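Reproduced below: start-v1.cif, with mmCIF, C-alpha atoms.
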data_run
loop_
_atom_site.label_atom_id
_atom_site.label_comp_id
_atom_site.auth_asym_id
_atom_site.auth_seq_id
_atom_site.Cartn_x
_atom_site.Cartn_y
_atom_site.Cartn_z
CA MET A 221 33.66 20.12 7.81
CA ARG A 222 31.65 17.10 8.73
CA HIS A 223 28.05 17.24 9.72
CA ALA A 224 27.44 16.64 13.40
CA ASP A 225 25.02 13.93 12.36
CA PRO A 226 25.57 12.78 8.77
CA VAL A 227 22.56 10.52 8.95
CA ALA A 228 20.41 13.54 9.61
CA TRP A 229 21.38 14.96 6.24
CA ASN A 230 20.54 11.74 4.47
CA ARG A 231 17.28 11.77 6.29
CA SER A 232 16.76 15.35 5.31
CA ALA A 233 17.09 14.20 1.72
CA SER A 234 14.01 12.04 2.19
CA PRO A 235 11.11 14.28 1.33
CA SER A 236 7.94 14.21 3.27
CA ALA A 237 6.12 13.88 -0.01
CA LEU A 238 7.30 12.28 -3.19
CA LEU A 239 5.64 11.54 -6.43
CA ASP A 240 7.35 9.38 -9.01
CA VAL A 241 5.70 10.25 -12.27
CA GLN A 242 6.61 8.87 -15.63
CA ASP A 243 4.80 11.39 -17.70
CA VAL A 244 2.19 14.08 -17.31
CA THR A 245 -0.49 12.10 -19.13
CA HIS A 246 -0.08 9.17 -16.81
CA ALA A 247 -0.27 11.40 -13.75
CA ALA A 248 -3.41 13.04 -15.12
CA THR A 249 -5.09 9.65 -15.52
CA PHE A 250 -4.25 8.63 -11.98
CA GLU A 251 -5.59 11.95 -10.78
CA ALA A 252 -8.83 11.28 -12.61
CA VAL A 253 -9.20 7.88 -10.97
CA TYR A 254 -8.38 9.38 -7.60
CA ALA A 255 -10.94 12.15 -7.97
CA ARG A 256 -13.58 9.78 -9.26
CA GLU A 257 -13.10 6.84 -6.90
CA TYR A 258 -12.01 8.32 -3.56
CA VAL A 259 -15.38 9.11 -2.04
CA ARG A 260 -17.03 5.96 -3.38
CA SER A 261 -14.19 3.85 -1.99
CA VAL A 262 -14.41 5.47 1.43
CA ARG A 263 -18.16 4.83 1.55
CA THR A 264 -17.73 1.16 0.66
CA ALA A 265 -14.93 0.69 3.15
CA ALA A 266 -16.85 2.51 5.89
CA LEU A 267 -19.87 0.27 5.40
CA VAL A 268 -17.63 -2.81 5.57
CA ILE A 269 -15.64 -1.71 8.61
CA GLY A 270 -18.23 0.40 10.38
CA SER A 271 -16.01 3.45 10.74
CA GLN A 272 -15.45 6.36 8.36
CA GLN A 273 -12.25 7.35 10.10
CA VAL A 274 -10.65 3.95 9.60
CA ALA A 275 -12.08 3.72 6.09
CA GLU A 276 -10.32 6.92 5.05
CA GLU A 277 -6.98 5.57 6.26
CA VAL A 278 -7.51 2.28 4.45
CA VAL A 279 -8.48 4.00 1.21
CA GLN A 280 -5.59 6.44 1.28
CA GLU A 281 -3.17 3.58 1.74
CA ALA A 282 -4.78 1.73 -1.15
CA PHE A 283 -4.29 4.74 -3.42
CA VAL A 284 -0.66 4.99 -2.38
CA GLN A 285 -0.19 1.36 -3.40
CA LEU A 286 -2.04 1.98 -6.65
CA LEU A 287 0.20 4.92 -7.48
CA ARG A 288 3.31 2.82 -6.93
CA ARG A 289 2.09 0.13 -9.32
CA TRP A 290 0.20 2.35 -11.71
CA GLU A 291 1.97 1.47 -14.93
CA ALA A 292 1.59 -2.26 -14.34
CA ILE A 293 -2.13 -2.18 -13.65
CA GLU A 294 -4.60 -2.53 -16.50
CA ARG A 295 -7.85 -2.09 -14.58
CA PRO A 296 -7.16 0.42 -11.83
CA GLU A 297 -10.74 0.52 -10.55
CA GLY A 298 -10.86 -3.24 -10.01
CA TRP A 299 -7.39 -3.30 -8.49
CA LEU A 300 -8.32 -0.45 -6.18
CA ARG A 301 -11.46 -2.17 -5.01
CA THR A 302 -9.50 -5.30 -4.11
CA ALA A 303 -6.83 -3.27 -2.36
CA VAL A 304 -9.44 -1.44 -0.30
CA LEU A 305 -11.11 -4.68 0.73
CA ASN A 306 -7.77 -6.24 1.59
CA GLY A 307 -7.06 -3.23 3.73
CA CYS A 308 -10.40 -3.62 5.46
CA ARG A 309 -9.74 -7.29 6.10
CA SER A 310 -6.26 -6.58 7.48
CA TRP A 311 -7.65 -3.98 9.80
CA GLN A 312 -10.39 -6.31 11.01
CA ARG A 313 -7.94 -9.16 11.62
CA ARG A 314 -5.53 -6.87 13.43
CA HIS A 315 -8.22 -5.74 15.79
CA ILE A 316 -9.30 -9.29 16.53
CA LEU A 317 -5.73 -10.44 17.16
CA GLU A 318 -4.87 -7.45 19.31
CA ARG A 319 -8.09 -7.87 21.26
CA GLN A 320 -8.61 -4.17 21.10
CA ARG A 321 -11.96 -2.74 21.75
CA ARG A 322 -13.37 -1.83 18.38
CA PRO A 323 -13.73 1.87 17.86
CA ARG A 324 -17.18 3.16 18.43
CA PRO A 325 -18.93 3.00 15.08
CA ASP A 326 -19.12 6.45 13.65
CA LEU A 327 -21.66 5.76 10.92
CA VAL A 328 -24.50 8.06 11.85
CA THR A 329 -27.94 8.46 10.33
CA ASP A 330 -31.46 9.39 11.29
CA ASP A 331 -32.94 7.12 8.69
CA PRO A 332 -34.80 4.16 10.27
CA ASP A 333 -33.60 1.71 7.61
CA GLY A 334 -30.06 3.03 7.99
CA LEU A 335 -30.13 2.51 11.74
CA ALA A 336 -31.62 -0.95 11.40
CA VAL A 337 -29.09 -2.03 8.78
CA ARG A 338 -26.19 -0.61 10.75
CA GLU A 339 -27.08 -2.79 13.71
CA ALA A 340 -27.99 -5.82 11.61
CA LEU A 341 -24.62 -5.87 9.84
CA ARG A 342 -22.99 -6.64 13.19
CA VAL A 343 -24.28 -10.22 13.09
CA LEU A 344 -22.30 -10.97 9.95
CA SER A 345 -18.73 -12.12 9.68
CA PRO A 346 -16.34 -9.60 8.07
CA ARG A 347 -16.40 -11.51 4.80
CA GLN A 348 -20.16 -11.81 4.77
CA ARG A 349 -20.45 -8.13 5.51
CA ALA A 350 -18.12 -7.25 2.65
CA ALA A 351 -20.09 -9.42 0.22
CA VAL A 352 -23.39 -7.86 1.31
CA VAL A 353 -22.04 -4.31 0.94
CA LEU A 354 -20.60 -5.01 -2.49
CA ARG A 355 -23.85 -6.61 -3.63
CA TYR A 356 -26.44 -4.26 -2.19
CA PHE A 357 -24.55 -0.97 -2.08
CA ASP A 358 -22.07 -1.20 -4.95
CA ASP A 359 -24.45 -3.37 -7.02
CA LEU A 360 -21.66 -5.62 -8.18
CA SER A 361 -22.25 -8.94 -9.87
CA GLU A 362 -21.22 -12.14 -8.15
CA ALA A 363 -18.28 -12.37 -10.56
CA ASP A 364 -17.07 -8.88 -9.69
CA ILE A 365 -17.55 -9.52 -5.98
CA ALA A 366 -15.54 -12.73 -6.34
CA GLU A 367 -12.72 -10.82 -8.02
CA ALA A 368 -12.77 -8.14 -5.34
CA LEU A 369 -12.72 -10.66 -2.51
CA GLY A 370 -10.28 -13.02 -4.19
CA CYS A 371 -12.59 -16.03 -4.17
CA ARG A 372 -14.78 -18.04 -6.53
CA PRO A 373 -18.26 -16.87 -7.57
CA GLY A 374 -19.66 -19.94 -5.86
CA THR A 375 -18.17 -18.75 -2.60
CA VAL A 376 -19.83 -15.38 -3.05
CA LYS A 377 -23.15 -17.10 -3.63
CA SER A 378 -22.64 -19.03 -0.43
CA LEU A 379 -21.64 -15.93 1.55
CA LEU A 380 -24.76 -14.10 0.45
CA ALA A 381 -27.03 -17.08 0.97
CA ARG A 382 -25.84 -17.53 4.56
CA SER A 383 -26.07 -13.82 5.29
CA MET A 384 -29.68 -13.31 4.31
CA PRO A 385 -31.34 -15.42 7.04
CA LYS A 386 -29.17 -13.75 9.67
CA LEU A 387 -30.07 -10.32 8.37
CA GLU A 388 -33.74 -11.19 8.12
CA GLU A 389 -33.75 -12.21 11.77
CA ALA A 390 -31.76 -9.13 12.85
CA LEU A 391 -33.88 -6.71 10.82
CA GLY A 392 -37.05 -8.31 12.00
CA ASP A 393 -36.25 -7.64 15.64
CA MET B 8 -42.64 -10.15 6.20
CA ILE B 9 -39.71 -7.82 5.80
CA ASP B 10 -38.19 -7.38 2.35
CA VAL B 11 -34.57 -7.87 3.33
CA GLU B 12 -33.03 -6.89 0.03
CA THR B 13 -34.97 -3.64 -0.27
CA THR B 14 -34.30 -2.72 3.35
CA LEU B 15 -30.62 -3.49 2.87
CA ARG B 16 -30.33 -1.28 -0.17
CA ARG B 17 -32.21 1.59 1.43
CA GLY B 18 -30.34 1.28 4.68
CA LEU B 19 -26.88 1.05 3.13
CA HIS B 20 -27.52 4.03 0.91
CA ALA B 21 -28.87 6.01 3.83
CA LEU B 22 -25.70 5.28 5.79
CA ALA B 23 -23.52 6.09 2.78
CA ASP B 24 -25.28 9.41 2.26
CA GLU B 25 -23.98 10.53 5.65
CA ILE B 26 -20.42 9.63 4.67
CA ASP B 27 -19.08 12.67 2.90
CA PRO B 28 -15.31 12.74 3.16
CA VAL B 29 -13.28 15.63 1.83
CA THR B 30 -10.98 14.28 -0.83
CA PRO B 31 -7.47 15.06 0.42
CA PRO B 32 -4.58 16.04 -1.83
CA LEU B 33 -2.94 13.30 -3.79
CA PRO B 34 -1.54 10.54 -1.64
CA ARG B 35 2.08 10.55 -0.53
CA PRO B 36 3.90 7.35 -1.38
CA ALA B 37 6.91 6.76 0.80
CA ARG B 38 10.18 7.34 -0.91
CA ARG B 39 11.29 4.34 -2.86
CA ARG B 40 14.93 3.41 -2.78
CA TRP B 41 16.38 0.18 -4.00
CA ARG B 42 19.70 -0.85 -5.41
CA ARG B 43 19.72 -1.63 -9.09
CA PRO B 44 22.43 -3.69 -10.76
CA LEU B 45 25.27 -1.35 -11.65
CA VAL B 46 25.22 -0.46 -15.31
CA VAL B 47 28.11 1.33 -16.89
CA GLY B 48 26.73 4.24 -18.81
CA VAL B 49 27.68 7.58 -20.18
CA PHE B 50 27.29 10.46 -17.84
CA VAL B 51 27.88 14.09 -18.42
CA GLY B 52 28.01 16.83 -15.85
CA GLY B 53 25.73 19.80 -15.92
CA THR B 54 26.25 22.87 -18.02
CA LEU B 55 26.23 26.44 -16.77
CA LEU B 56 22.88 28.12 -17.18
CA GLY B 57 21.96 31.63 -18.04
CA GLY B 58 19.56 33.53 -15.83
CA ALA B 59 16.41 32.96 -17.90
CA ALA B 60 14.02 30.05 -17.58
CA ALA B 61 14.24 27.25 -20.12
CA THR B 62 11.58 28.72 -22.37
CA GLY B 63 13.35 32.02 -22.64
CA THR B 64 10.09 33.85 -22.08
CA GLY B 65 10.27 33.90 -18.29
CA LEU B 66 7.15 31.73 -18.09
CA LEU B 67 7.16 28.25 -16.64
CA PRO B 68 6.52 25.40 -19.09
CA GLU B 69 2.98 24.21 -18.54
CA PRO B 70 3.92 20.69 -17.33
CA VAL B 71 6.32 22.23 -14.81
CA GLN B 72 3.68 24.69 -13.61
CA SER B 73 1.19 21.84 -13.33
CA MET B 74 3.58 19.67 -11.34
CA PHE B 75 4.44 22.43 -8.89
CA ASP B 76 0.78 23.40 -8.53
CA ARG B 77 0.09 19.86 -7.38
CA SER B 78 3.16 19.16 -5.30
CA THR B 79 3.03 22.42 -3.33
CA ALA B 80 -0.53 21.50 -2.36
CA TRP B 81 0.51 18.18 -0.78
CA GLY B 82 1.15 19.78 2.54
CA PRO B 83 2.09 22.92 4.51
CA TYR B 84 5.44 23.52 2.81
CA GLY B 85 4.92 27.26 2.46
CA VAL B 86 6.02 27.14 -1.16
CA ASP B 87 4.48 29.23 -3.93
CA PRO B 88 4.42 27.24 -7.19
CA ASP B 89 4.99 30.45 -9.16
CA ASP B 90 8.43 30.71 -7.55
CA ALA B 91 9.67 27.61 -9.38
CA ARG B 92 12.90 28.12 -11.29
CA LEU B 93 15.31 26.02 -13.29
CA VAL B 94 18.57 25.74 -11.38
CA ALA B 95 20.56 23.03 -13.12
CA THR B 96 20.66 20.61 -16.01
CA ALA B 97 22.48 17.42 -16.88
CA SER B 98 22.64 15.19 -19.92
CA LEU B 99 22.53 11.45 -20.35
CA ASP B 100 22.30 9.56 -23.64
CA GLY B 101 21.06 12.54 -25.58
CA THR B 102 18.39 13.46 -23.06
CA THR B 103 18.53 16.69 -21.10
CA TRP B 104 17.48 16.39 -17.47
CA GLU B 105 16.21 19.54 -15.79
CA TYR B 106 16.26 20.23 -12.06
CA TRP B 107 13.59 22.72 -10.97
CA VAL B 108 13.08 24.00 -7.44
CA ALA B 109 10.76 26.34 -5.59
CA ASP B 110 11.77 27.60 -2.15
CA GLY B 111 9.42 29.03 0.43
CA PRO B 112 10.31 31.98 2.71
CA THR B 113 10.20 29.74 5.81
CA GLY B 114 12.57 27.13 4.38
CA GLY B 115 10.24 24.65 2.71
CA ARG B 116 11.09 23.39 -0.75
CA CYS B 117 9.53 21.55 -3.63
CA GLU B 118 11.60 20.03 -6.41
CA HIS B 119 10.85 18.61 -9.81
CA VAL B 120 12.98 16.67 -12.26
CA ARG B 121 12.04 16.36 -15.89
CA GLN B 122 13.53 14.99 -19.06
CA VAL B 123 13.55 16.84 -22.35
CA ARG B 124 14.42 15.22 -25.65
CA ALA B 125 13.58 16.38 -29.16
CA GLU B 126 10.97 18.90 -27.99
CA VAL B 127 9.22 16.28 -25.86
CA SER B 128 9.23 16.54 -22.09
CA ARG B 129 8.69 13.76 -19.62
CA GLU B 130 7.96 14.65 -16.02
CA SER B 131 10.02 12.26 -13.90
CA SER B 132 9.62 12.98 -10.23
CA ALA B 133 8.60 15.54 -7.68
CA ALA B 134 9.41 15.92 -4.00
CA CYS B 135 8.66 18.37 -1.25
CA PHE B 136 10.46 19.08 2.00
CA MET B 137 9.29 20.72 5.18
CA PRO B 138 11.48 23.53 6.55
CA SER B 139 12.87 21.15 9.17
CA GLU B 140 13.90 18.76 6.42
CA HIS B 141 15.50 21.38 4.19
CA GLY B 142 17.17 23.83 6.52
CA GLN B 143 20.75 24.13 5.38
CA PRO B 144 23.60 26.08 6.93
CA PRO B 145 25.53 27.85 4.16
CA ASP B 146 28.72 25.88 4.90
CA GLN B 147 27.13 22.48 4.34
CA LEU B 148 25.91 20.34 1.48
CA TRP B 149 22.25 19.63 1.03
CA ALA B 150 21.20 16.95 -1.42
CA SER B 151 18.27 14.89 -2.54
CA GLY B 152 18.22 12.05 -4.98
CA GLY B 153 15.87 9.94 -6.99
CA THR B 154 16.10 6.24 -7.59
CA GLY B 155 13.79 3.70 -9.10
CA ARG B 156 12.93 3.11 -12.73
CA GLY B 157 15.58 4.67 -14.91
CA PRO B 158 18.83 6.43 -13.97
CA ASP B 159 19.51 7.79 -10.51
CA THR B 160 19.52 11.55 -10.05
CA ILE B 161 21.37 13.58 -7.45
CA GLY B 162 20.87 17.27 -6.93
CA GLY B 163 21.10 19.91 -4.28
CA ARG B 164 22.88 22.99 -3.06
CA ALA B 165 26.61 23.23 -2.41
CA PRO B 166 28.18 25.17 0.46
CA VAL B 167 29.37 28.71 -0.08
CA GLY B 168 32.77 28.74 -1.75
CA ALA B 169 32.36 25.42 -3.55
CA VAL B 170 33.30 25.33 -7.23
CA ALA B 171 32.29 21.71 -7.81
CA VAL B 172 30.75 18.65 -6.24
CA LEU B 173 32.59 15.38 -6.66
CA VAL B 174 30.20 12.47 -6.99
CA THR B 175 31.52 9.05 -6.09
CA LEU B 176 29.73 6.16 -7.74
CA GLY B 177 29.24 2.60 -6.67
CA ASP B 178 31.56 1.33 -9.39
CA GLY B 179 34.38 3.39 -7.92
CA ARG B 180 34.37 6.14 -10.51
CA GLN B 181 34.09 9.79 -9.64
CA ASP B 182 32.37 12.55 -11.56
CA ARG B 183 32.87 16.28 -11.15
CA LEU B 184 29.69 18.36 -11.23
CA PRO B 185 30.05 22.11 -11.74
CA ILE B 186 28.12 24.50 -9.56
CA GLN B 187 25.20 25.98 -11.44
CA ARG B 188 22.59 28.56 -10.58
CA ASP B 189 22.27 29.61 -6.92
CA ARG B 190 24.94 27.09 -5.81
CA HIS B 191 22.96 24.15 -7.18
CA PHE B 192 24.44 21.00 -8.66
CA PHE B 193 22.77 18.16 -10.50
CA GLY B 194 23.79 14.85 -12.03
CA VAL B 195 22.22 11.81 -13.64
CA TYR B 196 23.83 8.38 -13.49
CA GLU B 197 23.26 4.80 -14.49
CA ALA B 198 25.36 3.79 -11.47
CA THR B 199 24.52 4.33 -7.81
CA VAL B 200 25.78 7.41 -6.01
CA THR B 201 27.66 6.57 -2.82
CA ALA B 202 29.23 9.86 -1.69
CA LEU B 203 29.36 13.60 -2.35
CA ASP B 204 32.25 16.01 -1.72
CA ALA B 205 31.96 19.76 -2.18
CA VAL B 206 35.35 21.22 -3.10
CA ASP B 207 36.73 24.72 -3.39
CA GLY B 208 39.01 26.13 -6.06
CA ALA B 209 42.08 24.62 -4.40
CA GLY B 210 40.53 21.19 -4.27
CA ALA B 211 39.95 21.24 -0.53
CA VAL B 212 36.88 19.39 0.66
CA LEU B 213 34.44 21.83 2.19
CA ASP B 214 31.89 19.21 3.08
CA HIS B 215 31.40 15.48 2.63
CA GLN B 216 28.26 13.41 2.64
CA ASP B 217 27.87 9.66 2.36
CA TRP B 218 24.91 8.72 0.28
#
Rewritten as structure tokens:
Amino acid sequence: MRHADPVAWNRSASPSALLDVQDVTHAATFEAVYAREYVRSVRTAALVIGSQQVAEEVVQEAFVQLLRRWEAIERPEGWLRTAVLNGCRSWQRRHILERQRRPRPDLVTDDPDGLAVREALRVLSPRQRAAVVLRYFDDLSEADIAEALGCRPGTVKSLLARSMPKLEEALGD
Amino acid sequence: MIDVETTLRRGLHALADEIDPVTPPLPRPARRRWRRPLVVGVFVGGTLLGGAAATGTGLLPEPVQSMFDRSTAWGPYGVDPDDARLVATASLDGTTWEYWVADGPTGGRCEHVRQVRAEVSRESSAACFMPSEHGQPPDQLWASGGTGRGPDTIGGRAPVGAVAVLVTLGDGRQDRLPIQRDRHFFGVYEATVTALDAVDGAGAVLDHQDW
């Protein structure tokens, strides 16, 4: 007897969730990175993008990519950070190209500095914003920021130097 | 004059303090399938199992329990990890491959494949299926397979009345897998699986599936 729709059975053989694990120890290490880095990564991405909802999607996709390449990656935290920032950049570019109205920022706070900074970050370009977040929230060195953004340390220095006058003017308003 | 750096740090941390996501279960990578160059290798069909679990004590091996604890939590599959059982084995190059499954009462399923060699186990892959993805009439084949690094695996449940599943490989050869526990079959191959045929005692094809 043939299936009414053979393709359906092949499709049914594609699980909704799949984990390809080489050994238990390896899986445990990935789990540890996931547990340790997930919240921090979402916070960084949310500050860069301006939306926690989008940030969570970006970070989850980054972890999926990390899991696929796990055995080939020597520094998972650094790789993850770059993947998250690449995801943020892709999302920002997609929204510019599609001319979609940006989602209403969902970063909320009652803190006066938080409110001021949230508005001030809007004057920065996406790359400047990422550099500022990595420097003043994640406390990364210029070298680490350069690695995360895929540029030279000199470029990071330039991004930060050009951001500060803009932020000073925006925060001073 | 405003201290920009201090205000930035305070403001960013204040914003971040309000961001408190709930860490979801482990991510779900999409199934990977790619064709590897065909390699002629030795393959051996599964062997009939007894009713007891591999350990002989009735308890799940810890790595198996751990894998099912995690995979059943990936989503609403309705599967209890304690229901995991060993349903089939196969051998390849001196390594025993074990096919474990756990079925939920509403039709969901989680599976786990592991390798055992010289007292050392290696957890290979895990997969879960929603009831809509796993529902199987008793007269039809249901199969799932793994591909990627290492040999390909093919396992599933044969229709009622089947005594074997014929596995056609990409190099044109065919292997005959016996039916093991609860109508399950399982094979491990260096070559790519291209078709499955469940056959009865007279050799008649009960069900065919291209793979």
Quiz item: Which residue gives the smallest distance to Gly168 in chain B among B:Arg129, B:Arg190, B:Arg116, B:Arg77, with all atoms listed in the file counted?
Solution: B:Arg190
Pick out the chain B residues within 7 Å of chain A. Count all atoms listed in the file. Give them as an mmCIF file with C-alpha atoms, in the coordinates of the input.
data_model
loop_
_atom_site.group_PDB
_atom_site.id
_atom_site.type_symbol
_atom_site.label_atom_id
_atom_site.label_comp_id
_atom_site.auth_asym_id
_atom_site.auth_seq_id
_atom_site.Cartn_x
_atom_site.Cartn_y
_atom_site.Cartn_z
ATOM 1 C CA ILE B 9 -39.710 -7.820 5.800
ATOM 2 C CA VAL B 11 -34.570 -7.870 3.330
ATOM 3 C CA THR B 14 -34.300 -2.720 3.350
ATOM 4 C CA LEU B 15 -30.620 -3.490 2.870
ATOM 5 C CA ARG B 16 -30.330 -1.280 -0.170
ATOM 6 C CA ARG B 17 -32.210 1.590 1.430
ATOM 7 C CA GLY B 18 -30.340 1.280 4.680
ATOM 8 C CA LEU B 19 -26.880 1.050 3.130
ATOM 9 C CA HIS B 20 -27.520 4.030 0.910
ATOM 10 C CA ALA B 21 -28.870 6.010 3.830
ATOM 11 C CA LEU B 22 -25.700 5.280 5.790
ATOM 12 C CA ALA B 23 -23.520 6.090 2.780
ATOM 13 C CA GLU B 25 -23.980 10.530 5.650
ATOM 14 C CA ILE B 26 -20.420 9.630 4.670
ATOM 15 C CA PRO B 28 -15.310 12.740 3.160
ATOM 16 C CA THR B 30 -10.980 14.280 -0.830
ATOM 17 C CA PRO B 34 -1.540 10.540 -1.640
ATOM 18 C CA ARG B 35 2.080 10.550 -0.530
ATOM 19 C CA PRO B 36 3.900 7.350 -1.380
ATOM 20 C CA ALA B 37 6.910 6.760 0.800
ATOM 21 C CA ARG B 38 10.180 7.340 -0.910
ATOM 22 C CA PRO B 70 3.920 20.690 -17.330
ATOM 23 C CA ARG B 129 8.690 13.760 -19.620
ATOM 24 C CA GLU B 130 7.960 14.650 -16.020
ATOM 25 C CA SER B 131 10.020 12.260 -13.900
ATOM 26 C CA SER B 132 9.620 12.980 -10.230
ATOM 27 C CA ALA B 133 8.600 15.540 -7.680
ATOM 28 C CA ALA B 134 9.410 15.920 -4.000
ATOM 29 C CA CYS B 135 8.660 18.370 -1.250
ATOM 30 C CA PHE B 136 10.460 19.080 2.000
ATOM 31 C CA MET B 137 9.290 20.720 5.180
ATOM 32 C CA GLU B 140 13.900 18.760 6.420
ATOM 33 C CA HIS B 141 15.500 21.380 4.190
ATOM 34 C CA ALA B 150 21.200 16.950 -1.420
ATOM 35 C CA SER B 151 18.270 14.890 -2.540
ATOM 36 C CA LEU B 213 34.440 21.830 2.190
ATOM 37 C CA ASP B 214 31.890 19.210 3.080
ATOM 38 C CA HIS B 215 31.400 15.480 2.630
ATOM 39 C CA GLN B 216 28.260 13.410 2.640
ATOM 40 C CA TRP B 218 24.910 8.720 0.280
#
Exercise. Given the file shown, enumerate the residues that the PyMOL selection byres ((chain A and resi 343) around 9) captures and present them as a PyMOL selection string.
Key: chain A and resi 339-342+344-345+349+383+386-387+390
Quiz item: Applied to the shown file, which residues does the PyMOL selection byres ((chain B and resi 179-181) around 10) return, written as a count of residues only?
Solution: 15
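CA of Phe193 in chain B to CA of Thr160 in chain B spans 7.4 Å [interatomic distance, one decimal].
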Quiz item: Expanded to explicit residues, what is the PyMOL selection byres ((chain B and resi 171) around 6) for this file, as number ranges by chain?
Solution: B: 169-170, 172, 184-186, 205-206
Now that the selection is made, can you save its residues with C-alpha atoms as a PDB file, in the frame of the given file?
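The resulting file, selection.pdb, is shown below:
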ATOM      1  CA  ALA B 169      32.360  25.420  -3.550  1.00  0.00           C
ATOM      2  CA  VAL B 170      33.300  25.330  -7.230  1.00  0.00           C
ATOM      3  CA  VAL B 172      30.750  18.650  -6.240  1.00  0.00           C
ATOM      4  CA  LEU B 184      29.690  18.360 -11.230  1.00  0.00           C
ATOM      5  CA  PRO B 185      30.050  22.110 -11.740  1.00  0.00           C
ATOM      6  CA  ILE B 186      28.120  24.500  -9.560  1.00  0.00           C
ATOM      7  CA  ALA B 205      31.960  19.760  -2.180  1.00  0.00           C
ATOM      8  CA  VAL B 206      35.350  21.220  -3.100  1.00  0.00           C
TER       9      VAL B 206
END
Range 252-296 of chain A dumped to file, C-alpha atoms, as an mmCIF file, in the first residue's frame:
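Result file part16.cif:
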data_model
loop_
_atom_site.group_PDB
_atom_site.id
_atom_site.type_symbol
_atom_site.label_atom_id
_atom_site.label_comp_id
_atom_site.auth_asym_id
_atom_site.auth_seq_id
_atom_site.Cartn_x
_atom_site.Cartn_y
_atom_site.Cartn_z
ATOM 1 C CA ALA A 252 26.824 25.557 30.455
ATOM 2 C CA VAL A 253 27.587 28.272 27.912
ATOM 3 C CA TYR A 254 23.916 28.558 27.068
ATOM 4 C CA ALA A 255 22.883 28.905 30.699
ATOM 5 C CA ARG A 256 25.649 31.361 31.432
ATOM 6 C CA GLU A 257 25.455 33.578 28.344
ATOM 7 C CA TYR A 258 21.790 33.661 27.309
ATOM 8 C CA VAL A 259 20.541 36.468 29.518
ATOM 9 C CA ARG A 260 23.681 38.563 29.097
ATOM 10 C CA SER A 261 23.478 38.176 25.325
ATOM 11 C CA VAL A 262 19.821 39.197 25.237
ATOM 12 C CA ARG A 263 20.581 42.297 27.297
ATOM 13 C CA THR A 264 23.409 43.347 24.992
ATOM 14 C CA ALA A 265 21.361 42.721 21.876
ATOM 15 C CA ALA A 266 18.349 44.549 23.311
ATOM 16 C CA LEU A 267 20.445 47.611 24.082
ATOM 17 C CA VAL A 268 21.859 47.554 20.548
ATOM 18 C CA ILE A 269 18.534 47.021 18.781
ATOM 19 C CA GLY A 270 16.204 48.734 21.210
ATOM 20 C CA SER A 271 13.822 45.805 21.542
ATOM 21 C CA GLN A 272 13.919 42.839 23.924
ATOM 22 C CA GLN A 273 11.545 40.857 21.751
ATOM 23 C CA VAL A 274 13.764 41.098 18.691
ATOM 24 C CA ALA A 275 16.861 40.571 20.811
ATOM 25 C CA GLU A 276 15.567 37.235 22.074
ATOM 26 C CA GLU A 277 14.989 36.031 18.510
ATOM 27 C CA VAL A 278 18.450 37.147 17.433
ATOM 28 C CA VAL A 279 20.126 35.468 20.397
ATOM 29 C CA GLN A 280 18.259 32.206 19.996
ATOM 30 C CA GLU A 281 19.281 32.046 16.365
ATOM 31 C CA ALA A 282 22.883 32.732 17.344
ATOM 32 C CA PHE A 283 22.836 29.829 19.786
ATOM 33 C CA VAL A 284 21.400 27.547 17.122
ATOM 34 C CA GLN A 285 24.307 28.480 14.862
ATOM 35 C CA LEU A 286 26.760 27.972 17.716
ATOM 36 C CA LEU A 287 25.392 24.509 18.402
ATOM 37 C CA ARG A 288 25.807 23.520 14.772
ATOM 38 C CA ARG A 289 29.458 24.570 14.757
ATOM 39 C CA TRP A 290 30.274 23.730 18.341
ATOM 40 C CA GLU A 291 33.130 21.322 17.786
ATOM 41 C CA ALA A 292 34.929 23.696 15.427
ATOM 42 C CA ILE A 293 34.800 26.706 17.727
ATOM 43 C CA GLU A 294 37.583 27.316 20.214
ATOM 44 C CA ARG A 295 36.207 30.400 21.965
ATOM 45 C CA PRO A 296 32.441 29.991 22.085
#
